[in-house]
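One file, entry-v9.txt, carrying compact mmCIF, C-alpha atoms:
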# COMPACT_ATOMS: atom_id res chain seq x y z
CA MET A 4 -0.09 -14.78 0.91
CA THR A 5 2.10 -11.76 0.32
CA LEU A 6 1.02 -8.27 1.22
CA ASN A 7 2.42 -5.55 -1.00
CA ASN A 8 0.63 -2.53 0.47
CA PHE A 9 -0.02 -1.41 4.02
CA GLU A 10 -3.55 -0.54 2.90
CA ASP A 11 -4.19 -4.29 2.68
CA LEU A 12 -3.45 -4.84 6.38
CA GLU A 13 -6.53 -5.33 8.56
CA ILE A 14 -4.85 -3.45 11.43
CA TRP A 15 -4.32 -0.42 9.19
CA LYS A 16 -7.93 -0.53 7.95
CA LEU A 17 -9.29 -0.73 11.50
CA SER A 18 -7.07 2.11 12.68
CA ARG A 19 -8.16 4.22 9.72
CA THR A 20 -11.79 3.72 10.72
CA LEU A 21 -10.99 4.65 14.33
CA SER A 22 -9.15 7.78 13.23
CA LYS A 23 -12.11 8.86 11.12
CA GLU A 24 -14.49 8.33 14.06
CA ILE A 25 -12.21 10.32 16.37
CA TYR A 26 -12.21 13.20 13.89
CA GLN A 27 -16.00 13.08 13.72
CA ILE A 28 -16.57 13.15 17.47
CA THR A 29 -13.98 15.88 17.96
CA ASN A 30 -15.88 18.22 15.65
CA SER A 31 -18.32 18.85 18.51
CA PRO A 32 -18.56 22.21 20.31
CA GLU A 33 -17.17 20.55 23.47
CA PHE A 34 -13.90 19.65 21.78
CA ASN A 35 -13.80 23.03 20.07
CA SER A 36 -13.56 24.57 23.53
CA ASP A 37 -10.27 22.70 24.13
CA ILE A 38 -8.29 22.91 20.89
CA ARG A 39 -5.13 21.42 22.42
CA PHE A 40 -6.96 18.31 23.65
CA ARG A 41 -8.75 17.96 20.31
CA SER A 42 -5.41 18.12 18.47
CA GLN A 43 -3.82 15.66 20.87
CA ILE A 44 -6.46 12.94 20.51
CA ARG A 45 -6.58 13.39 16.73
CA ALA A 46 -2.81 13.10 16.50
CA ALA A 47 -2.76 9.98 18.67
CA ALA A 48 -5.49 8.33 16.58
CA GLY A 49 -3.68 9.20 13.36
CA SER A 50 -0.43 7.91 14.84
CA ILE A 51 -1.82 4.38 14.99
CA MET A 52 -2.41 4.10 11.26
CA ASP A 53 0.62 6.19 10.34
CA ASN A 54 3.05 4.05 12.33
CA ILE A 55 1.65 0.87 10.84
CA ALA A 56 2.13 2.36 7.38
CA GLU A 57 5.61 3.71 8.06
CA GLY A 58 6.84 0.49 9.60
CA PHE A 59 5.49 -1.54 6.70
CA GLU A 60 7.07 0.75 4.13
CA ARG A 61 10.53 0.44 5.72
CA GLU A 62 10.49 -3.15 4.40
CA GLY A 63 12.35 -4.74 7.30
CA LYS A 64 10.91 -6.97 10.01
CA LYS A 65 12.69 -5.36 12.95
CA GLU A 66 11.70 -1.85 11.93
CA PHE A 67 8.12 -2.92 11.29
CA ILE A 68 7.94 -4.47 14.76
CA GLN A 69 9.35 -1.27 16.29
CA PHE A 70 6.70 0.86 14.58
CA LEU A 71 3.97 -1.60 15.54
CA TYR A 72 4.94 -1.12 19.18
CA VAL A 73 4.56 2.63 18.73
CA ALA A 74 1.15 2.09 17.09
CA LYS A 75 0.10 -0.12 20.02
CA GLY A 76 1.20 2.58 22.44
CA SER A 77 -0.89 5.10 20.54
CA CYS A 78 -3.92 2.81 20.98
CA GLY A 79 -3.47 3.11 24.73
CA GLU A 80 -2.99 6.86 24.46
CA VAL A 81 -6.25 7.24 22.54
CA ARG A 82 -8.10 5.07 25.05
CA SER A 83 -6.80 7.18 27.93
CA GLN A 84 -7.79 10.38 26.15
CA LEU A 85 -11.25 8.99 25.45
CA CYS A 86 -11.62 8.27 29.16
CA ARG A 87 -10.65 11.86 29.91
CA ALA A 88 -13.11 13.10 27.28
CA MET A 89 -15.86 11.11 28.98
CA ASP A 90 -14.83 12.32 32.44
CA VAL A 91 -15.09 15.98 31.43
CA GLY A 92 -18.38 15.49 29.57
CA PHE A 93 -17.10 15.78 25.99
CA ILE A 94 -18.46 12.34 25.05
CA ALA A 95 -21.14 10.04 26.46
CA THR A 96 -20.34 6.81 28.26
CA ASP A 97 -21.62 4.69 25.37
CA GLN A 98 -19.34 6.55 22.92
CA TYR A 99 -16.41 5.97 25.23
CA THR A 100 -17.23 2.27 25.59
CA SER A 101 -17.56 1.71 21.84
CA LEU A 102 -14.39 3.60 20.91
CA ALA A 103 -12.37 2.15 23.79
CA GLU A 104 -13.34 -1.34 22.64
CA GLN A 105 -12.10 -0.46 19.16
CA THR A 106 -8.73 0.61 20.56
CA LYS A 107 -8.50 -2.64 22.54
CA ARG A 108 -9.31 -4.72 19.45
CA ILE A 109 -6.75 -2.86 17.35
CA GLY A 110 -4.14 -3.15 20.10
CA ALA A 111 -4.74 -6.90 20.39
CA LYS A 112 -4.45 -7.36 16.63
CA VAL A 113 -1.26 -5.30 16.56
CA SER A 114 0.13 -7.52 19.34
CA ASN A 115 -0.78 -10.58 17.29
CA MET A 116 1.05 -9.13 14.29
CA ILE A 117 4.12 -8.44 16.43
CA ARG A 118 4.05 -11.98 17.79
CA TYR A 119 3.70 -13.40 14.28
CA LEU A 120 6.58 -11.33 12.93
CA LYS A 121 8.86 -12.23 15.83
CA THR A 122 8.45 -15.95 15.11
CA SER A 123 8.39 -15.64 11.33
CA GLU A 124 11.27 -16.39 8.96
CA ILE A 125 10.31 -13.27 7.01
CA GLU A 126 12.99 -10.57 7.17
CA GLY A 127 11.46 -8.07 4.75
CA ASN A 128 11.96 -6.90 1.17
CA LYS A 129 15.11 -4.94 1.93
CA PHE A 130 16.86 -8.21 2.86
CA LYS A 131 15.89 -10.17 -0.26
CA LYS A 132 18.84 -11.18 -2.40
Hey, can you dump this file as structure tokens for me?
Amino acid sequence: MTLNNFEDLEIWKLSRTLSKEIYQITNSPEFNSDIRFRSQIRAAAGSIMDNIAEGFEREGKKEFIQFLYVAKGSCGEVRSQLCRAMDVGFIATDQYTSLAEQTKRIGAKVSNMIRYLKTSEIEGNKFKK
């Protein structure tokens, strides 16, 4: 199976859903009281899907892997920020648990994609003859 669009990647779809949920929870009055924190968690959530897309569009395996590592790092950043949001009372424990699990699932799937690409013969479209 060949994927021609990053929108077809499960990891991109999952990160898009997470980003949307982060935007929804950060519309609360609590987050509005800390605009910098709200911007930071939104940017980190968006970074996951954006780095997956950018890496894919560069059409080379090594670059894609590099961007996937950045996306995985952003998963951890979002999870840490969610923990902080819970600690300061911006979100409930159940919201934290649900969203943190999503970041863990996405991070694991990104790791699986990295592992697959590292062992794959695929080099990317820019290296096709």
message: Using all atoms listed in the file, which protein or nucleic acid residues come within 12 Å of segment 57-69 of chain A? Drop anything in the same chain fewer than 5 positions from it, and give the result as number ranges by chain.
response: A: 6-12, 14-15, 50-52, 74-76, 113-131
- prompt: Hey, what's within 12 Å of Asp37 of chain A if we count only C-alpha atoms and toss same-chain stuff fewer than 6 positions away? As JSON, numbers by chain, please?
  reply: {"A": [29, 30, 31, 43, 44, 88, 91, 93]}
As a compact mmCIF listing (two decimals) with C-alpha atoms, keeping the file's coordinate frame, please: the residues near Lys23 of chain A (cut-off 12 Å, all atoms listed in the file, same-chain neighbours under 3 positions excluded).
# COMPACT_ATOMS: atom_id res chain seq x y z
CA LYS A 16 -7.93 -0.53 7.95
CA LEU A 17 -9.29 -0.73 11.50
CA SER A 18 -7.07 2.11 12.68
CA ARG A 19 -8.16 4.22 9.72
CA THR A 20 -11.79 3.72 10.72
CA TYR A 26 -12.21 13.20 13.89
CA GLN A 27 -16.00 13.08 13.72
CA ILE A 28 -16.57 13.15 17.47
CA THR A 29 -13.98 15.88 17.96
CA ASN A 30 -15.88 18.22 15.65
CA ILE A 44 -6.46 12.94 20.51
CA ARG A 45 -6.58 13.39 16.73
CA ALA A 46 -2.81 13.10 16.50
CA ALA A 48 -5.49 8.33 16.58
CA GLY A 49 -3.68 9.20 13.36
CA ILE A 51 -1.82 4.38 14.99
CA MET A 52 -2.41 4.10 11.26
CA LEU A 102 -14.39 3.60 20.91
- prompt: Separation of atom CA of Asp97 of chain A and atom CA of Glu13 of chain A, in Å?
  reply: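 These two atoms are separated by 24.7 Å.
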statement: Judged by all atoms listed in the file, the minimum distance to Ser101 of chain A among A:Arg82, A:Phe34, A:Ser42, A:Arg87 is found for A:Arg82
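Reported to one decimal place, the separation of atom CA of Phe40 of chain A from atom CA of Arg108 of chain A is 23.5 Å.
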